[in-house]
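File shown here: protein.txt, holding compact mmCIF, N, CA and C atoms.
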```txt
# COMPACT_ATOMS: atom_id res chain seq x y z
N MET A 1 3.38 -15.71 -4.46
CA MET A 1 2.34 -14.90 -3.82
C MET A 1 3.01 -14.04 -2.75
N ILE A 2 2.84 -12.74 -2.87
CA ILE A 2 3.46 -11.87 -1.87
C ILE A 2 2.44 -11.32 -0.87
N TYR A 3 1.25 -11.88 -0.88
CA TYR A 3 0.28 -11.48 0.13
C TYR A 3 -0.18 -12.71 0.90
N SER A 4 -0.75 -12.47 2.05
CA SER A 4 -1.27 -13.54 2.89
C SER A 4 -2.62 -13.09 3.45
N LEU A 5 -3.54 -14.02 3.51
CA LEU A 5 -4.86 -13.69 4.05
C LEU A 5 -5.00 -14.05 5.52
N ASP A 6 -3.88 -14.42 6.16
CA ASP A 6 -3.95 -14.88 7.55
C ASP A 6 -4.62 -13.87 8.48
N LYS A 7 -4.21 -12.61 8.43
CA LYS A 7 -4.79 -11.60 9.32
C LYS A 7 -6.27 -11.38 9.02
N ILE A 8 -6.61 -11.32 7.74
CA ILE A 8 -8.01 -11.11 7.36
C ILE A 8 -8.86 -12.30 7.78
N ASN A 9 -8.36 -13.51 7.53
CA ASN A 9 -9.11 -14.71 7.91
C ASN A 9 -9.31 -14.79 9.41
N GLU A 10 -8.31 -14.37 10.17
CA GLU A 10 -8.44 -14.37 11.63
C GLU A 10 -9.54 -13.41 12.06
N MET A 11 -9.58 -12.23 11.44
CA MET A 11 -10.62 -11.25 11.76
C MET A 11 -12.00 -11.72 11.28
N ALA A 12 -12.02 -12.41 10.15
CA ALA A 12 -13.29 -12.81 9.54
C ALA A 12 -13.98 -13.95 10.28
N GLU A 13 -13.21 -14.76 10.98
CA GLU A 13 -13.76 -15.91 11.71
C GLU A 13 -14.66 -16.74 10.82
N GLY A 14 -14.20 -17.04 9.61
CA GLY A 14 -14.93 -17.91 8.70
C GLY A 14 -15.93 -17.21 7.79
N ASP A 15 -16.10 -15.91 7.94
CA ASP A 15 -17.06 -15.16 7.12
C ASP A 15 -16.38 -14.78 5.79
N GLN A 16 -16.65 -15.57 4.76
CA GLN A 16 -16.01 -15.36 3.46
C GLN A 16 -16.45 -14.03 2.83
N ASP A 17 -17.67 -13.60 3.09
CA ASP A 17 -18.13 -12.31 2.58
C ASP A 17 -17.28 -11.16 3.14
N PHE A 18 -16.90 -11.29 4.40
CA PHE A 18 -16.04 -10.28 5.02
C PHE A 18 -14.69 -10.23 4.31
N VAL A 19 -14.12 -11.40 4.03
CA VAL A 19 -12.83 -11.47 3.34
C VAL A 19 -12.92 -10.78 1.99
N VAL A 20 -13.95 -11.10 1.23
CA VAL A 20 -14.13 -10.49 -0.09
C VAL A 20 -14.34 -8.99 0.03
N SER A 21 -15.07 -8.58 1.05
CA SER A 21 -15.30 -7.15 1.28
C SER A 21 -13.99 -6.41 1.55
N VAL A 22 -13.13 -6.98 2.38
CA VAL A 22 -11.84 -6.35 2.69
C VAL A 22 -10.98 -6.29 1.43
N ILE A 23 -10.98 -7.37 0.65
CA ILE A 23 -10.21 -7.40 -0.59
C ILE A 23 -10.74 -6.33 -1.55
N SER A 24 -12.05 -6.22 -1.65
CA SER A 24 -12.66 -5.23 -2.55
C SER A 24 -12.28 -3.81 -2.15
N VAL A 25 -12.31 -3.52 -0.86
CA VAL A 25 -11.92 -2.19 -0.39
C VAL A 25 -10.45 -1.93 -0.71
N PHE A 26 -9.60 -2.94 -0.50
CA PHE A 26 -8.18 -2.80 -0.84
C PHE A 26 -8.04 -2.45 -2.32
N LEU A 27 -8.74 -3.18 -3.17
CA LEU A 27 -8.63 -2.97 -4.62
C LEU A 27 -9.18 -1.62 -5.06
N GLU A 28 -10.14 -1.09 -4.32
CA GLU A 28 -10.68 0.22 -4.64
C GLU A 28 -9.76 1.35 -4.18
N GLU A 29 -9.25 1.22 -2.96
CA GLU A 29 -8.54 2.33 -2.33
C GLU A 29 -7.05 2.38 -2.62
N VAL A 30 -6.38 1.26 -2.53
CA VAL A 30 -4.92 1.28 -2.55
C VAL A 30 -4.35 1.73 -3.90
N PRO A 31 -4.87 1.27 -5.04
CA PRO A 31 -4.32 1.80 -6.30
C PRO A 31 -4.48 3.31 -6.43
N GLU A 32 -5.60 3.83 -5.96
CA GLU A 32 -5.83 5.28 -5.99
C GLU A 32 -4.86 5.99 -5.04
N ASP A 33 -4.67 5.42 -3.85
CA ASP A 33 -3.73 6.00 -2.89
C ASP A 33 -2.31 5.98 -3.45
N LEU A 34 -1.97 4.90 -4.14
CA LEU A 34 -0.65 4.78 -4.74
C LEU A 34 -0.45 5.85 -5.81
N GLN A 35 -1.47 6.08 -6.62
CA GLN A 35 -1.40 7.12 -7.64
C GLN A 35 -1.26 8.50 -6.99
N ASN A 36 -2.01 8.72 -5.92
CA ASN A 36 -1.90 10.00 -5.20
C ASN A 36 -0.52 10.18 -4.59
N LEU A 37 0.08 9.09 -4.12
CA LEU A 37 1.43 9.15 -3.57
C LEU A 37 2.43 9.50 -4.67
N GLU A 38 2.27 8.86 -5.82
CA GLU A 38 3.18 9.14 -6.94
C GLU A 38 3.08 10.60 -7.38
N THR A 39 1.86 11.11 -7.42
CA THR A 39 1.64 12.52 -7.77
C THR A 39 2.28 13.43 -6.73
N ALA A 40 2.08 13.11 -5.47
CA ALA A 40 2.66 13.93 -4.40
C ALA A 40 4.19 13.96 -4.49
N ILE A 41 4.78 12.81 -4.83
CA ILE A 41 6.24 12.77 -4.97
C ILE A 41 6.67 13.67 -6.13
N SER A 42 5.99 13.54 -7.26
CA SER A 42 6.39 14.34 -8.43
C SER A 42 6.17 15.83 -8.20
N GLU A 43 5.18 16.17 -7.39
CA GLU A 43 4.90 17.57 -7.08
C GLU A 43 5.68 18.07 -5.86
N ARG A 44 6.47 17.20 -5.27
CA ARG A 44 7.26 17.51 -4.08
C ARG A 44 6.37 18.03 -2.93
N ASN A 45 5.21 17.42 -2.82
CA ASN A 45 4.27 17.76 -1.76
C ASN A 45 4.51 16.78 -0.60
N PHE A 46 5.44 17.14 0.26
CA PHE A 46 5.91 16.20 1.28
C PHE A 46 4.86 15.87 2.32
N GLU A 47 3.99 16.82 2.62
CA GLU A 47 2.91 16.53 3.56
C GLU A 47 2.00 15.45 2.99
N GLN A 48 1.70 15.54 1.70
CA GLN A 48 0.85 14.54 1.04
C GLN A 48 1.58 13.21 0.89
N VAL A 49 2.90 13.25 0.65
CA VAL A 49 3.69 12.01 0.60
C VAL A 49 3.53 11.28 1.93
N TYR A 50 3.72 12.01 3.00
CA TYR A 50 3.58 11.42 4.34
C TYR A 50 2.18 10.82 4.53
N LYS A 51 1.15 11.59 4.20
CA LYS A 51 -0.23 11.14 4.41
C LYS A 51 -0.57 9.90 3.58
N MET A 52 -0.18 9.89 2.32
CA MET A 52 -0.51 8.76 1.45
C MET A 52 0.24 7.49 1.86
N ALA A 53 1.51 7.63 2.20
CA ALA A 53 2.28 6.46 2.66
C ALA A 53 1.68 5.94 3.96
N HIS A 54 1.28 6.86 4.83
CA HIS A 54 0.66 6.48 6.10
C HIS A 54 -0.66 5.73 5.86
N LYS A 55 -1.41 6.14 4.87
CA LYS A 55 -2.69 5.52 4.55
C LYS A 55 -2.51 4.14 3.91
N ILE A 56 -1.49 3.98 3.09
CA ILE A 56 -1.23 2.71 2.41
C ILE A 56 -0.75 1.65 3.40
N LYS A 57 0.04 2.07 4.35
CA LYS A 57 0.73 1.15 5.27
C LYS A 57 -0.19 0.12 5.95
N PRO A 58 -1.29 0.51 6.60
CA PRO A 58 -2.11 -0.52 7.26
C PRO A 58 -2.82 -1.44 6.28
N ASN A 59 -3.10 -0.95 5.09
CA ASN A 59 -3.76 -1.80 4.10
C ASN A 59 -2.86 -2.93 3.62
N VAL A 60 -1.59 -2.61 3.35
CA VAL A 60 -0.68 -3.67 2.92
C VAL A 60 -0.33 -4.58 4.10
N ASP A 61 -0.32 -4.02 5.31
CA ASP A 61 -0.07 -4.83 6.50
C ASP A 61 -1.18 -5.86 6.69
N LEU A 62 -2.40 -5.46 6.45
CA LEU A 62 -3.54 -6.37 6.59
C LEU A 62 -3.41 -7.58 5.68
N LEU A 63 -2.73 -7.39 4.55
CA LEU A 63 -2.52 -8.50 3.62
C LEU A 63 -1.18 -9.19 3.85
N GLY A 64 -0.58 -8.96 5.00
CA GLY A 64 0.64 -9.65 5.36
C GLY A 64 1.84 -9.29 4.49
N MET A 65 1.80 -8.13 3.86
CA MET A 65 2.88 -7.70 2.96
C MET A 65 3.92 -6.95 3.79
N GLU A 66 4.70 -7.70 4.55
CA GLU A 66 5.62 -7.10 5.51
C GLU A 66 6.66 -6.19 4.86
N GLN A 67 7.27 -6.66 3.78
CA GLN A 67 8.31 -5.86 3.12
C GLN A 67 7.70 -4.58 2.54
N THR A 68 6.50 -4.70 1.97
CA THR A 68 5.83 -3.54 1.40
C THR A 68 5.45 -2.56 2.49
N ARG A 69 5.00 -3.08 3.63
CA ARG A 69 4.67 -2.23 4.77
C ARG A 69 5.91 -1.48 5.24
N ALA A 70 7.04 -2.17 5.29
CA ALA A 70 8.29 -1.54 5.71
C ALA A 70 8.68 -0.42 4.75
N THR A 71 8.50 -0.65 3.45
CA THR A 71 8.81 0.37 2.45
C THR A 71 7.88 1.57 2.61
N ALA A 72 6.60 1.32 2.83
CA ALA A 72 5.65 2.41 3.04
C ALA A 72 6.01 3.21 4.29
N LEU A 73 6.44 2.51 5.34
CA LEU A 73 6.85 3.19 6.56
C LEU A 73 8.08 4.05 6.31
N GLU A 74 9.04 3.54 5.54
CA GLU A 74 10.22 4.33 5.21
C GLU A 74 9.84 5.59 4.44
N ILE A 75 8.94 5.46 3.46
CA ILE A 75 8.51 6.61 2.68
C ILE A 75 7.76 7.60 3.58
N GLU A 76 6.91 7.06 4.44
CA GLU A 76 6.17 7.91 5.38
C GLU A 76 7.15 8.73 6.24
N THR A 77 8.15 8.06 6.80
CA THR A 77 9.13 8.72 7.65
C THR A 77 9.95 9.74 6.84
N LEU A 78 10.38 9.34 5.66
CA LEU A 78 11.16 10.23 4.81
C LEU A 78 10.36 11.45 4.37
N GLY A 79 9.03 11.29 4.26
CA GLY A 79 8.17 12.38 3.83
C GLY A 79 8.11 13.53 4.82
N LYS A 80 8.66 13.33 5.99
CA LYS A 80 8.66 14.39 7.00
C LYS A 80 9.68 15.48 6.70
N SER A 81 10.58 15.21 5.75
CA SER A 81 11.62 16.20 5.44
C SER A 81 11.81 16.33 3.94
N GLU A 82 11.88 17.55 3.47
CA GLU A 82 12.07 17.81 2.05
C GLU A 82 13.47 17.40 1.58
N ASP A 83 14.38 17.16 2.51
CA ASP A 83 15.74 16.75 2.15
C ASP A 83 15.80 15.31 1.66
N ASN A 84 14.71 14.58 1.78
CA ASN A 84 14.72 13.14 1.52
C ASN A 84 14.14 12.74 0.17
N LEU A 85 13.98 13.68 -0.74
CA LEU A 85 13.34 13.37 -2.02
C LEU A 85 14.04 12.23 -2.77
N VAL A 86 15.35 12.26 -2.81
CA VAL A 86 16.09 11.22 -3.55
C VAL A 86 15.82 9.84 -2.95
N GLU A 87 15.81 9.75 -1.63
CA GLU A 87 15.54 8.47 -0.97
C GLU A 87 14.10 8.01 -1.22
N ILE A 88 13.17 8.94 -1.19
CA ILE A 88 11.77 8.60 -1.48
C ILE A 88 11.66 8.08 -2.91
N GLU A 89 12.29 8.76 -3.83
CA GLU A 89 12.23 8.35 -5.24
C GLU A 89 12.90 6.99 -5.47
N LYS A 90 13.85 6.62 -4.63
CA LYS A 90 14.48 5.29 -4.71
C LYS A 90 13.53 4.19 -4.24
N ARG A 91 12.79 4.47 -3.19
CA ARG A 91 11.95 3.45 -2.57
C ARG A 91 10.58 3.30 -3.24
N PHE A 92 10.07 4.38 -3.79
CA PHE A 92 8.72 4.33 -4.35
C PHE A 92 8.53 3.23 -5.41
N PRO A 93 9.46 3.04 -6.35
CA PRO A 93 9.25 1.98 -7.36
C PRO A 93 9.06 0.58 -6.75
N LEU A 94 9.72 0.32 -5.63
CA LEU A 94 9.55 -0.98 -4.95
C LEU A 94 8.13 -1.11 -4.41
N LEU A 95 7.64 -0.05 -3.79
CA LEU A 95 6.29 -0.03 -3.26
C LEU A 95 5.28 -0.21 -4.38
N LYS A 96 5.47 0.54 -5.45
CA LYS A 96 4.54 0.49 -6.58
C LYS A 96 4.51 -0.90 -7.21
N LYS A 97 5.68 -1.50 -7.42
CA LYS A 97 5.76 -2.82 -8.03
C LYS A 97 5.02 -3.86 -7.18
N ASP A 98 5.26 -3.84 -5.87
CA ASP A 98 4.61 -4.80 -4.99
C ASP A 98 3.10 -4.62 -4.97
N VAL A 99 2.65 -3.38 -4.85
CA VAL A 99 1.20 -3.13 -4.80
C VAL A 99 0.55 -3.54 -6.12
N GLU A 100 1.15 -3.17 -7.23
CA GLU A 100 0.57 -3.54 -8.53
C GLU A 100 0.53 -5.05 -8.72
N GLN A 101 1.55 -5.75 -8.25
CA GLN A 101 1.56 -7.20 -8.36
C GLN A 101 0.44 -7.81 -7.52
N VAL A 102 0.27 -7.33 -6.30
CA VAL A 102 -0.77 -7.87 -5.42
C VAL A 102 -2.16 -7.53 -5.97
N VAL A 103 -2.34 -6.34 -6.49
CA VAL A 103 -3.63 -5.97 -7.09
C VAL A 103 -3.96 -6.94 -8.22
N ALA A 104 -2.99 -7.23 -9.08
CA ALA A 104 -3.22 -8.17 -10.18
C ALA A 104 -3.54 -9.57 -9.64
N GLU A 105 -2.80 -10.02 -8.64
CA GLU A 105 -3.05 -11.34 -8.05
C GLU A 105 -4.43 -11.42 -7.41
N LEU A 106 -4.82 -10.37 -6.69
CA LEU A 106 -6.13 -10.37 -6.03
C LEU A 106 -7.26 -10.39 -7.04
N HIS A 107 -7.11 -9.62 -8.11
CA HIS A 107 -8.14 -9.64 -9.16
C HIS A 107 -8.27 -11.05 -9.73
N LYS A 108 -7.15 -11.70 -9.94
CA LYS A 108 -7.17 -13.06 -10.50
C LYS A 108 -7.73 -14.07 -9.48
N ASP A 109 -7.25 -13.98 -8.25
CA ASP A 109 -7.62 -14.96 -7.23
C ASP A 109 -9.08 -14.81 -6.76
N PHE A 110 -9.60 -13.60 -6.77
CA PHE A 110 -10.94 -13.36 -6.24
C PHE A 110 -11.94 -12.96 -7.31
N GLU A 111 -11.48 -12.78 -8.52
CA GLU A 111 -12.35 -12.41 -9.64
C GLU A 111 -13.25 -11.23 -9.29
N VAL A 112 -12.65 -10.21 -8.65
CA VAL A 112 -13.39 -8.98 -8.33
C VAL A 112 -12.74 -7.82 -9.03
```
What does this structure look like when you write it as structure tokens?
Amino acid sequence: MIYSLDKINEMAEGDQDFVVSVISVFLEEVPEDLQNLETAISERNFEQVYKMAHKIKPNVDLLGMEQTRATALEIETLGKSEDNLVEIEKRFPLLKKDVEQVVAELHKDFEV
């Protein structure tokens, strides 16, 4: 398991509906954001690369995905310069793999 519910559970204070709600929002938004990030990379739209990586970062952080958050931060930072396309393209598959794995695990674990 590469995610943790510790931060969400702390915020939820025992409210299981809140936990499910946060998970549902993650499952709705993050795969779409990831797709938008992939499109932005392929289109060399660096402003959008920056924005999408920035948007993904707090969502993966909320699920305790520290390594994934670090990768998103690297992509966000690299997105500030068009000279960094090769580095972005190196890191993106790691981000995508982690997010897709967590999405699959969350669907299985929460049946949502």
Close residues, A:Val22 itself excluded, 12 Å, only C-alpha atoms, min 6 positions apart in chain, as a ChimeraX atom specification: /A:5,7-9,11-12,15-16,28-30,59-60,62-63,106,110,112
Gap from atom N of A:Arg44 to atom C of A:Arg69 - Å, one decimal: 21.4 Å
Which distance in Å separates atom N of A:Ile75 and atom C of A:Phe18, to one decimal?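 Result for atom N of A:Ile75 versus atom C of A:Phe18: 28.4 Å, one decimal.
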Centre and edges of the stretch 76-81 of chain A box, axis-aligned, 3 Å extra per side, as AutoDock Vina command-line options:
```
--center_x 9.0 --center_y 11.7 --center_z 5.7 --size_x 11.6 --size_y 15.3 --size_z 9.8
```
Residues within 9 Å of stretch 34-40 of chain A, only C-alpha atoms, excluding chain neighbours under 2 positions, as a tab-separated table (two decimals) with N, CA and C atoms, in the coordinates of the input:
```
chain	number	residue	atom	x	y	z
A	29	GLU	N	-9.25	1.22	-2.96
A	29	GLU	CA	-8.54	2.33	-2.33
A	29	GLU	C	-7.05	2.38	-2.62
A	30	VAL	N	-6.38	1.26	-2.53
A	30	VAL	CA	-4.92	1.28	-2.55
A	30	VAL	C	-4.35	1.73	-3.90
A	31	PRO	N	-4.87	1.27	-5.04
A	31	PRO	CA	-4.32	1.80	-6.30
A	31	PRO	C	-4.48	3.31	-6.43
A	32	GLU	N	-5.60	3.83	-5.96
A	32	GLU	CA	-5.83	5.28	-5.99
A	32	GLU	C	-4.86	5.99	-5.04
A	42	SER	N	5.99	13.54	-7.26
A	42	SER	CA	6.39	14.34	-8.43
A	42	SER	C	6.17	15.83	-8.20
A	43	GLU	N	5.18	16.17	-7.39
A	43	GLU	CA	4.90	17.57	-7.08
A	43	GLU	C	5.68	18.07	-5.86
A	44	ARG	N	6.47	17.20	-5.27
A	44	ARG	CA	7.26	17.51	-4.08
A	44	ARG	C	6.37	18.03	-2.93
A	45	ASN	N	5.21	17.42	-2.82
A	45	ASN	CA	4.27	17.76	-1.76
A	45	ASN	C	4.51	16.78	-0.60
A	46	PHE	N	5.44	17.14	0.26
A	46	PHE	CA	5.91	16.20	1.28
A	46	PHE	C	4.86	15.87	2.32
A	47	GLU	N	3.99	16.82	2.62
A	47	GLU	CA	2.91	16.53	3.56
A	47	GLU	C	2.00	15.45	2.99
A	48	GLN	N	1.70	15.54	1.70
A	48	GLN	CA	0.85	14.54	1.04
A	48	GLN	C	1.58	13.21	0.89
A	49	VAL	N	2.90	13.25	0.65
A	49	VAL	CA	3.69	12.01	0.60
A	49	VAL	C	3.53	11.28	1.93
A	50	TYR	N	3.72	12.01	3.00
A	50	TYR	CA	3.58	11.42	4.34
A	50	TYR	C	2.18	10.82	4.53
A	51	LYS	N	1.15	11.59	4.20
A	51	LYS	CA	-0.23	11.14	4.41
A	51	LYS	C	-0.57	9.90	3.58
A	52	MET	N	-0.18	9.89	2.32
A	52	MET	CA	-0.51	8.76	1.45
A	52	MET	C	0.24	7.49	1.86
A	53	ALA	N	1.51	7.63	2.20
A	53	ALA	CA	2.28	6.46	2.66
A	53	ALA	C	1.68	5.94	3.96
A	56	ILE	N	-1.49	3.98	3.09
A	56	ILE	CA	-1.23	2.71	2.41
A	56	ILE	C	-0.75	1.65	3.40
A	92	PHE	N	10.07	4.38	-3.79
A	92	PHE	CA	8.72	4.33	-4.35
A	92	PHE	C	8.53	3.23	-5.41
A	95	LEU	N	7.64	-0.05	-3.79
A	95	LEU	CA	6.29	-0.03	-3.26
A	95	LEU	C	5.28	-0.21	-4.38
A	96	LYS	N	5.47	0.54	-5.45
A	96	LYS	CA	4.54	0.49	-6.58
A	96	LYS	C	4.51	-0.90	-7.21
A	99	VAL	N	2.65	-3.38	-4.85
A	99	VAL	CA	1.20	-3.13	-4.80
A	99	VAL	C	0.55	-3.54	-6.12
```
Would you compute the distance between atom CA of A:Tyr3 and atom N of A:Thr77? Give it in Å to one decimal.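 Interatomic distance here is 22.1 Å.
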Write out as an MDAnalysis selection string the set of residues from stretch 10-111 of chain A that DSSP, computed on the backbone, places in alpha helix (DSSP H). chainID A and resid 10:12 16:42 46:62 66:78 85:110
Fewer than 3 positions away in the same chain doesn't count, so skip those; otherwise give me all residues within 8 Å of A:Leu94, counting only N, CA and C atoms, as a list in words.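 So, after excluding close chain neighbours, the residues are Gln67, Thr68, Thr71, Ala72, Glu89, Lys90, Arg91, Lys97, Asp98, Val99 and Glu100 of chain A.
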For the selection you just gave me, I'd like the residues written to a file as a CSV table (one decimal), in the coordinates of the input, keeping N, CA and C atoms.
```csv
chain,number,residue,atom,x,y,z
A,67,GLN,N,7.3,-6.7,3.8
A,67,GLN,CA,8.3,-5.9,3.1
A,67,GLN,C,7.7,-4.6,2.5
A,68,THR,N,6.5,-4.7,2.0
A,68,THR,CA,5.8,-3.5,1.4
A,68,THR,C,5.4,-2.6,2.5
A,71,THR,N,8.5,-0.6,3.4
A,71,THR,CA,8.8,0.4,2.4
A,71,THR,C,7.9,1.6,2.6
A,72,ALA,N,6.6,1.3,2.8
A,72,ALA,CA,5.6,2.4,3.0
A,72,ALA,C,6.0,3.2,4.3
A,89,GLU,N,12.3,8.8,-3.8
A,89,GLU,CA,12.2,8.4,-5.2
A,89,GLU,C,12.9,7.0,-5.5
A,90,LYS,N,13.8,6.6,-4.6
A,90,LYS,CA,14.5,5.3,-4.7
A,90,LYS,C,13.5,4.2,-4.2
A,91,ARG,N,12.8,4.5,-3.2
A,91,ARG,CA,12.0,3.4,-2.6
A,91,ARG,C,10.6,3.3,-3.2
A,97,LYS,N,5.7,-1.5,-7.4
A,97,LYS,CA,5.8,-2.8,-8.0
A,97,LYS,C,5.0,-3.9,-7.2
A,98,ASP,N,5.3,-3.8,-5.9
A,98,ASP,CA,4.6,-4.8,-5.0
A,98,ASP,C,3.1,-4.6,-5.0
A,99,VAL,N,2.6,-3.4,-4.8
A,99,VAL,CA,1.2,-3.1,-4.8
A,99,VAL,C,0.6,-3.5,-6.1
A,100,GLU,N,1.2,-3.2,-7.2
A,100,GLU,CA,0.6,-3.5,-8.5
A,100,GLU,C,0.5,-5.0,-8.7
```
Tell me which of A:Val19, A:Ile2, A:Leu73, A:Leu27 sits closest to A:Ile88, counting only C-alpha atoms. A:Leu73
Any chance you could export stretch 22-39 of chain A with N, CA and C atoms, as a PDB file, in the first residue's frame?
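The result, stored in decode.pdb:
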```
ATOM      1  N   VAL A  22     -13.593  12.464   0.832  1.00  0.00           N
ATOM      2  CA  VAL A  22     -12.263  12.894   0.383  1.00  0.00           C
ATOM      3  C   VAL A  22     -11.715  11.908  -0.643  1.00  0.00           C
ATOM      4  N   ILE A  23     -11.898  10.615  -0.383  1.00  0.00           N
ATOM      5  CA  ILE A  23     -11.432   9.583  -1.318  1.00  0.00           C
ATOM      6  C   ILE A  23     -12.165   9.732  -2.653  1.00  0.00           C
ATOM      7  N   SER A  24     -13.460   9.968  -2.599  1.00  0.00           N
ATOM      8  CA  SER A  24     -14.253  10.119  -3.827  1.00  0.00           C
ATOM      9  C   SER A  24     -13.783  11.313  -4.649  1.00  0.00           C
ATOM     10  N   VAL A  25     -13.512  12.422  -3.984  1.00  0.00           N
ATOM     11  CA  VAL A  25     -13.022  13.609  -4.688  1.00  0.00           C
ATOM     12  C   VAL A  25     -11.661  13.309  -5.320  1.00  0.00           C
ATOM     13  N   PHE A  26     -10.792  12.619  -4.582  1.00  0.00           N
ATOM     14  CA  PHE A  26      -9.487  12.234  -5.125  1.00  0.00           C
ATOM     15  C   PHE A  26      -9.686  11.412  -6.393  1.00  0.00           C
ATOM     16  N   LEU A  27     -10.572  10.431  -6.333  1.00  0.00           N
ATOM     17  CA  LEU A  27     -10.796   9.535  -7.472  1.00  0.00           C
ATOM     18  C   LEU A  27     -11.425  10.255  -8.661  1.00  0.00           C
ATOM     19  N   GLU A  28     -12.179  11.303  -8.400  1.00  0.00           N
ATOM     20  CA  GLU A  28     -12.779  12.073  -9.486  1.00  0.00           C
ATOM     21  C   GLU A  28     -11.766  13.017 -10.130  1.00  0.00           C
ATOM     22  N   GLU A  29     -10.990  13.696  -9.298  1.00  0.00           N
ATOM     23  CA  GLU A  29     -10.152  14.789  -9.790  1.00  0.00           C
ATOM     24  C   GLU A  29      -8.765  14.370 -10.247  1.00  0.00           C
ATOM     25  N   VAL A  30      -8.104  13.540  -9.476  1.00  0.00           N
ATOM     26  CA  VAL A  30      -6.682  13.296  -9.737  1.00  0.00           C
ATOM     27  C   VAL A  30      -6.432  12.558 -11.055  1.00  0.00           C
ATOM     28  N   PRO A  31      -7.206  11.527 -11.408  1.00  0.00           N
ATOM     29  CA  PRO A  31      -6.953  10.909 -12.724  1.00  0.00           C
ATOM     30  C   PRO A  31      -7.132  11.891 -13.883  1.00  0.00           C
ATOM     31  N   GLU A  32      -8.116  12.766 -13.768  1.00  0.00           N
ATOM     32  CA  GLU A  32      -8.332  13.786 -14.801  1.00  0.00           C
ATOM     33  C   GLU A  32      -7.172  14.780 -14.820  1.00  0.00           C
ATOM     34  N   ASP A  33      -6.719  15.192 -13.648  1.00  0.00           N
ATOM     35  CA  ASP A  33      -5.578  16.106 -13.566  1.00  0.00           C
ATOM     36  C   ASP A  33      -4.323  15.453 -14.142  1.00  0.00           C
ATOM     37  N   LEU A  34      -4.160  14.171 -13.874  1.00  0.00           N
ATOM     38  CA  LEU A  34      -3.007  13.440 -14.398  1.00  0.00           C
ATOM     39  C   LEU A  34      -3.050  13.395 -15.923  1.00  0.00           C
ATOM     40  N   GLN A  35      -4.231  13.155 -16.474  1.00  0.00           N
ATOM     41  CA  GLN A  35      -4.396  13.145 -17.925  1.00  0.00           C
ATOM     42  C   GLN A  35      -4.096  14.525 -18.512  1.00  0.00           C
ATOM     43  N   ASN A  36      -4.581  15.563 -17.836  1.00  0.00           N
ATOM     44  CA  ASN A  36      -4.301  16.929 -18.292  1.00  0.00           C
ATOM     45  C   ASN A  36      -2.815  17.245 -18.227  1.00  0.00           C
ATOM     46  N   LEU A  37      -2.135  16.729 -17.210  1.00  0.00           N
ATOM     47  CA  LEU A  37      -0.695  16.921 -17.094  1.00  0.00           C
ATOM     48  C   LEU A  37       0.034  16.216 -18.243  1.00  0.00           C
ATOM     49  N   GLU A  38      -0.391  14.998 -18.531  1.00  0.00           N
ATOM     50  CA  GLU A  38       0.233  14.245 -19.624  1.00  0.00           C
ATOM     51  C   GLU A  38       0.045  14.964 -20.959  1.00  0.00           C
ATOM     52  N   THR A  39      -1.147  15.495 -21.173  1.00  0.00           N
ATOM     53  CA  THR A  39      -1.436  16.254 -22.393  1.00  0.00           C
ATOM     54  C   THR A  39      -0.570  17.510 -22.455  1.00  0.00           C
TER      55      THR A  39
END
```
